[in-house]
Every structure is written in C-alpha cells, then in structure tokens.
Amino acid sequence: MAAFQTTPWRLISWILGIMCISLLATLGILLKNCSDCCSCQERWIGYQCNCYFISNELKTWADSKDFCISKNSSLLQIQNEDELQHFMKYSKNFYWIGLSYSEEHHTWLWENGSAVSPNLFPFPQTANPKNCIAYSPSNSILDEDCQGENRYICKQQLT
C-alpha cells in the first residue's frame, strides 16, 4: 500500500522538476537576449539598447565627432526629453551633441540629416549658425564656438 501512495508524489515531483528546468531555460534565453541587446564597450553605459559614452575630457566639436566615429558611434542625437535623465540628472556640465547648422537646408540638423523635434528642448532663436550645440542634462542648450572645448557624449545604437 505504501508503494501506491508514493507513486503520485513521484509523478508530481517529476512534473514540478520539468517545469522548473523549463522556466530556468526560458529565463536563460531571455537574459541572453537582453544582454546581447545592451552589450556595451567598457566605460560605456547601456540604456534601452543604446550605448552611451560620457566623456570627462574636453575636445572641440570636430575632435569629439571624430572620437565617436572611431568608436563606431556618433555624437549624441537626442530622441526624447528623458533619454539621458535617469543617469545624468545630477550633471552640471555641457556636452557636445551631434547637432549643427546646415547651410544647404538653412536649419539645424542632427548628424544623420534629420530635423530637430521642435518640442524636444527650448532652442535659442539667436543661435549663431556658425556655432555648434552643447547640451546640458538639465534640458538646456547653448550654441558655442565649435573650436571651443567641451565634454561630449557619443551614442551607439545597437538596434
């Protein structure tokens, strides 16, 4: 009689064991997919399948752009207001971003040629087209001489 009482428990334990193994395998697959999405170089910050390099050194806008290109990235192109707020909210520095004036189109464009969203940040009407744009995580921008030196942010899109 004791043999019959343990048989259902063995069956239940086998079923639970198989379920646990299946769940662990699924979790492993999900974690692998997530880490592949946000696998960034050393000293880069991963966020929403993008990698960001926030410099501590000062460079001109052109040298900053060249550095980013050498790292298979570009100067930051901001997609939305809160893109960087979670990891830069306490920064007081200004950073070069990938925004410059296009003489051909008579407007400010991102490095990839796309237009700046008009509601992204307050853009100064008096911005000098010969200058480059520096961004502060407090959601403000400055137009500054491109030969001046600032910190910079590179962005590498992984998706």
# chains A, B, ... in the order shown; residues from 1 in each chain; ligands from 1
>>> closest_atom_pairs(of="stretch 18-90 of chain A", to="stretch 120-138 of chain A", cutoff="10 Å", atoms="only C-alpha atoms", output="JSON lines")
{"residue": "A:Thr60", "atom": "CA", "partner": "A:Cys132", "partner_atom": "CA", "distance": 9.7}
{"residue": "A:Trp61", "atom": "CA", "partner": "A:Cys132", "partner_atom": "CA", "distance": 7.0}
{"residue": "A:Ala62", "atom": "CA", "partner": "A:Cys132", "partner_atom": "CA", "distance": 9.6}
{"residue": "A:Leu76", "atom": "CA", "partner": "A:Tyr135", "partner_atom": "CA", "distance": 9.5}
{"residue": "A:Ile78", "atom": "CA", "partner": "A:Leu120", "partner_atom": "CA", "distance": 8.3}
{"residue": "A:Gln79", "atom": "CA", "partner": "A:Leu120", "partner_atom": "CA", "distance": 8.1}
{"residue": "A:Asn80", "atom": "CA", "partner": "A:Leu120", "partner_atom": "CA", "distance": 6.4}
{"residue": "A:Glu81", "atom": "CA", "partner": "A:Leu120", "partner_atom": "CA", "distance": 5.9}
{"residue": "A:Asp82", "atom": "CA", "partner": "A:Pro137", "partner_atom": "CA", "distance": 9.0}
{"residue": "A:Glu83", "atom": "CA", "partner": "A:Pro137", "partner_atom": "CA", "distance": 9.5}
{"residue": "A:Leu84", "atom": "CA", "partner": "A:Pro137", "partner_atom": "CA", "distance": 7.0}
{"residue": "A:Gln85", "atom": "CA", "partner": "A:Pro137", "partner_atom": "CA", "distance": 6.4}
{"residue": "A:His86", "atom": "CA", "partner": "A:Pro137", "partner_atom": "CA", "distance": 9.7}
{"residue": "A:Phe87", "atom": "CA", "partner": "A:Pro137", "partner_atom": "CA", "distance": 9.4}
{"residue": "A:Met88", "atom": "CA", "partner": "A:Pro137", "partner_atom": "CA", "distance": 6.1}
{"residue": "A:Lys89", "atom": "CA", "partner": "A:Pro137", "partner_atom": "CA", "distance": 6.1}
{"residue": "A:Tyr90", "atom": "CA", "partner": "A:Pro137", "partner_atom": "CA", "distance": 7.9}
>>> select_by_dssp(residues="stretch 12-133 of chain A", states="alpha helix (DSSP H)", output="MDAnalysis selection string")
chainID A and resid 12:37 61:70 85:88
>>> atom_distance(atom1="atom CA of A:Gln157", atom2="atom CA of A:Ala25")
28.3 Å
>>> atom_distance(atom1="atom CA of A:Gly148", atom2="atom CA of A:Arg43")
24.7 Å
>>> closest_residue(among="A:Trp108, A:Phe94, A:Tyr52, A:Tyr101", to="A:Ser39", atoms="only C-alpha atoms")
A:Tyr52
>>> closest_residue(among="A:Lys71, A:His105, A:Lys59, A:Lys92", to="A:Cys40", atoms="only C-alpha atoms")
A:Lys71
>>> atom_distance(atom1="atom CA of A:Asn119", atom2="atom CA of A:Gly98")
17.4 Å
>>> select_by_dssp(residues="stretch 3-121 of chain A", states="strand (DSSP E)", output="list of chain:residue names")
A:Ile45, A:Gly46, A:Tyr47, A:Asn50, A:Cys51, A:Tyr52, A:Phe53, A:Ile54, A:Ser74, A:Leu75, A:Tyr95, A:Trp96, A:Ile97, A:Gly98, A:Leu99, A:Ser100, A:Tyr101, A:Ser102, A:Thr107, A:Trp108, A:Leu109, A:Trp110
>>> decode(residues="stretch 7-155 of chain A", atoms="C-alpha atoms", output="short mmCIF file (atom, residue, chain, number, x, y, z; two decimals), in the first residue's frame")
data_model
loop_
_atom_site.label_atom_id
_atom_site.label_comp_id
_atom_site.auth_asym_id
_atom_site.auth_seq_id
_atom_site.Cartn_x
_atom_site.Cartn_y
_atom_site.Cartn_z
CA THR A 7 3.76 6.99 -6.85
CA PRO A 8 1.51 10.10 -7.23
CA TRP A 9 4.09 12.15 -5.32
CA ARG A 10 6.85 10.94 -7.59
CA LEU A 11 4.80 11.90 -10.61
CA ILE A 12 4.08 15.33 -9.13
CA SER A 13 7.75 15.88 -8.27
CA TRP A 14 8.79 14.88 -11.82
CA ILE A 15 6.28 17.33 -13.29
CA LEU A 16 7.44 20.12 -10.98
CA GLY A 17 11.09 19.35 -11.76
CA ILE A 18 10.45 19.53 -15.51
CA MET A 19 8.57 22.81 -15.05
CA CYS A 20 11.49 24.26 -13.05
CA ILE A 21 14.01 23.24 -15.71
CA SER A 22 11.80 24.74 -18.43
CA LEU A 23 11.46 28.01 -16.52
CA LEU A 24 15.21 28.21 -15.92
CA ALA A 25 15.91 27.57 -19.61
CA THR A 26 13.42 30.28 -20.60
CA LEU A 27 14.98 32.71 -18.12
CA GLY A 28 18.43 31.96 -19.52
CA ILE A 29 17.26 32.66 -23.07
CA LEU A 30 15.61 35.93 -22.02
CA LEU A 31 18.69 37.11 -20.12
CA LYS A 32 20.95 36.23 -23.06
CA ASN A 33 18.73 38.20 -25.45
CA CYS A 34 18.70 41.19 -23.11
CA SER A 35 22.44 41.19 -22.57
CA ASP A 36 23.08 40.91 -26.31
CA CYS A 37 20.89 43.95 -26.83
CA CYS A 38 22.75 46.08 -24.31
CA SER A 39 26.26 44.72 -24.52
CA CYS A 40 28.37 47.86 -24.45
CA GLN A 41 32.09 48.53 -24.57
CA GLU A 42 33.94 49.11 -21.31
CA ARG A 43 33.21 52.58 -19.82
CA TRP A 44 30.02 52.87 -21.89
CA ILE A 45 26.54 52.93 -20.33
CA GLY A 46 23.80 50.72 -21.75
CA TYR A 47 20.23 52.00 -21.80
CA GLN A 48 17.30 50.93 -23.99
CA CYS A 49 19.54 49.05 -26.42
CA ASN A 50 21.82 52.04 -26.94
CA CYS A 51 25.28 52.59 -25.55
CA TYR A 52 26.46 56.00 -24.32
CA PHE A 53 29.97 57.27 -23.72
CA ILE A 54 30.02 60.32 -21.46
CA SER A 55 33.43 61.93 -21.65
CA ASN A 56 35.37 63.59 -18.87
CA GLU A 57 37.88 65.10 -21.26
CA LEU A 58 37.47 68.31 -23.22
CA LYS A 59 37.61 68.39 -27.02
CA THR A 60 36.47 70.60 -29.87
CA TRP A 61 33.24 69.64 -31.58
CA ALA A 62 35.10 68.18 -34.60
CA ASP A 63 37.52 66.20 -32.40
CA SER A 64 34.58 64.92 -30.35
CA LYS A 65 32.81 63.84 -33.52
CA ASP A 66 35.98 62.09 -34.75
CA PHE A 67 36.38 60.26 -31.44
CA CYS A 68 32.81 58.99 -31.61
CA ILE A 69 33.24 57.85 -35.21
CA SER A 70 36.42 55.97 -34.19
CA LYS A 71 34.28 54.06 -31.66
CA ASN A 72 31.62 53.14 -34.26
CA SER A 73 29.20 55.69 -32.84
CA SER A 74 28.18 59.31 -33.35
CA LEU A 75 27.79 62.41 -31.26
CA LEU A 76 24.56 62.19 -29.30
CA GLN A 77 21.31 62.59 -31.17
CA ILE A 78 18.56 63.05 -28.59
CA GLN A 79 15.36 61.17 -29.37
CA ASN A 80 13.20 62.25 -26.44
CA GLU A 81 13.31 64.52 -23.41
CA ASP A 82 14.09 61.85 -20.84
CA GLU A 83 16.59 59.81 -22.85
CA LEU A 84 19.52 60.63 -20.57
CA GLN A 85 17.79 61.93 -17.46
CA HIS A 86 17.99 58.71 -15.44
CA PHE A 87 21.81 58.55 -15.43
CA MET A 88 22.76 62.20 -15.94
CA LYS A 89 20.23 64.08 -13.85
CA TYR A 90 22.86 65.45 -11.47
CA SER A 91 25.36 66.59 -14.09
CA LYS A 92 26.01 70.32 -14.32
CA ASN A 93 28.25 70.08 -17.40
CA PHE A 94 27.53 70.92 -21.01
CA TYR A 95 28.34 68.30 -23.64
CA TRP A 96 28.78 68.49 -27.40
CA ILE A 97 25.97 66.73 -29.24
CA GLY A 98 25.55 65.88 -32.90
CA LEU A 99 23.63 68.98 -33.87
CA SER A 100 24.97 71.54 -36.33
CA TYR A 101 23.67 74.11 -38.79
CA SER A 102 23.16 73.04 -42.40
CA GLU A 103 23.89 75.87 -44.81
CA GLU A 104 22.30 73.81 -47.57
CA HIS A 105 18.96 73.39 -45.76
CA HIS A 106 19.15 76.62 -43.69
CA THR A 107 18.28 74.79 -40.47
CA TRP A 108 19.79 72.87 -37.57
CA LEU A 109 20.12 69.15 -38.28
CA TRP A 110 21.36 66.05 -36.49
CA GLU A 111 24.45 64.33 -37.89
CA ASN A 112 22.24 61.81 -39.70
CA GLY A 113 20.46 64.66 -41.54
CA SER A 114 17.20 64.51 -39.58
CA ALA A 115 15.47 67.61 -38.21
CA VAL A 116 15.30 68.51 -34.53
CA SER A 117 11.91 67.89 -32.96
CA PRO A 118 10.50 71.36 -32.17
CA ASN A 119 9.25 70.31 -28.72
CA LEU A 120 12.43 68.49 -27.66
CA PHE A 121 14.12 71.40 -25.88
CA PRO A 122 13.89 75.18 -25.98
CA PHE A 123 16.06 76.15 -28.93
CA PRO A 124 17.52 79.66 -28.78
CA GLN A 125 16.23 81.81 -31.62
CA THR A 126 19.50 83.72 -31.57
CA ALA A 127 21.70 80.64 -32.08
CA ASN A 128 24.63 81.50 -34.33
CA PRO A 129 24.68 79.14 -37.35
CA LYS A 130 28.50 79.14 -37.27
CA ASN A 131 28.46 77.65 -33.78
CA CYS A 132 27.88 74.11 -32.55
CA ILE A 133 25.42 72.98 -29.93
CA ALA A 134 26.27 71.89 -26.39
CA TYR A 135 23.61 70.20 -24.28
CA SER A 136 23.08 70.10 -20.52
CA PRO A 137 21.09 67.26 -18.93
CA SER A 138 19.03 69.97 -17.21
CA ASN A 139 17.41 70.17 -20.68
CA SER A 140 19.08 73.35 -21.85
CA ILE A 141 21.36 74.02 -24.80
CA LEU A 142 23.99 76.56 -25.74
CA ASP A 143 25.43 77.50 -29.09
CA GLU A 144 29.18 77.77 -28.68
CA ASP A 145 32.19 78.26 -30.90
CA CYS A 146 32.94 74.86 -32.44
CA GLN A 147 36.65 75.40 -31.74
CA GLY A 148 35.96 75.72 -28.03
CA GLU A 149 36.34 72.66 -25.87
CA ASN A 150 33.58 70.78 -24.05
CA ARG A 151 32.92 67.31 -22.82
CA TYR A 152 30.93 65.20 -25.28
CA ILE A 153 28.52 62.29 -25.45
CA CYS A 154 28.74 59.51 -28.01
CA LYS A 155 25.78 57.27 -28.77
#
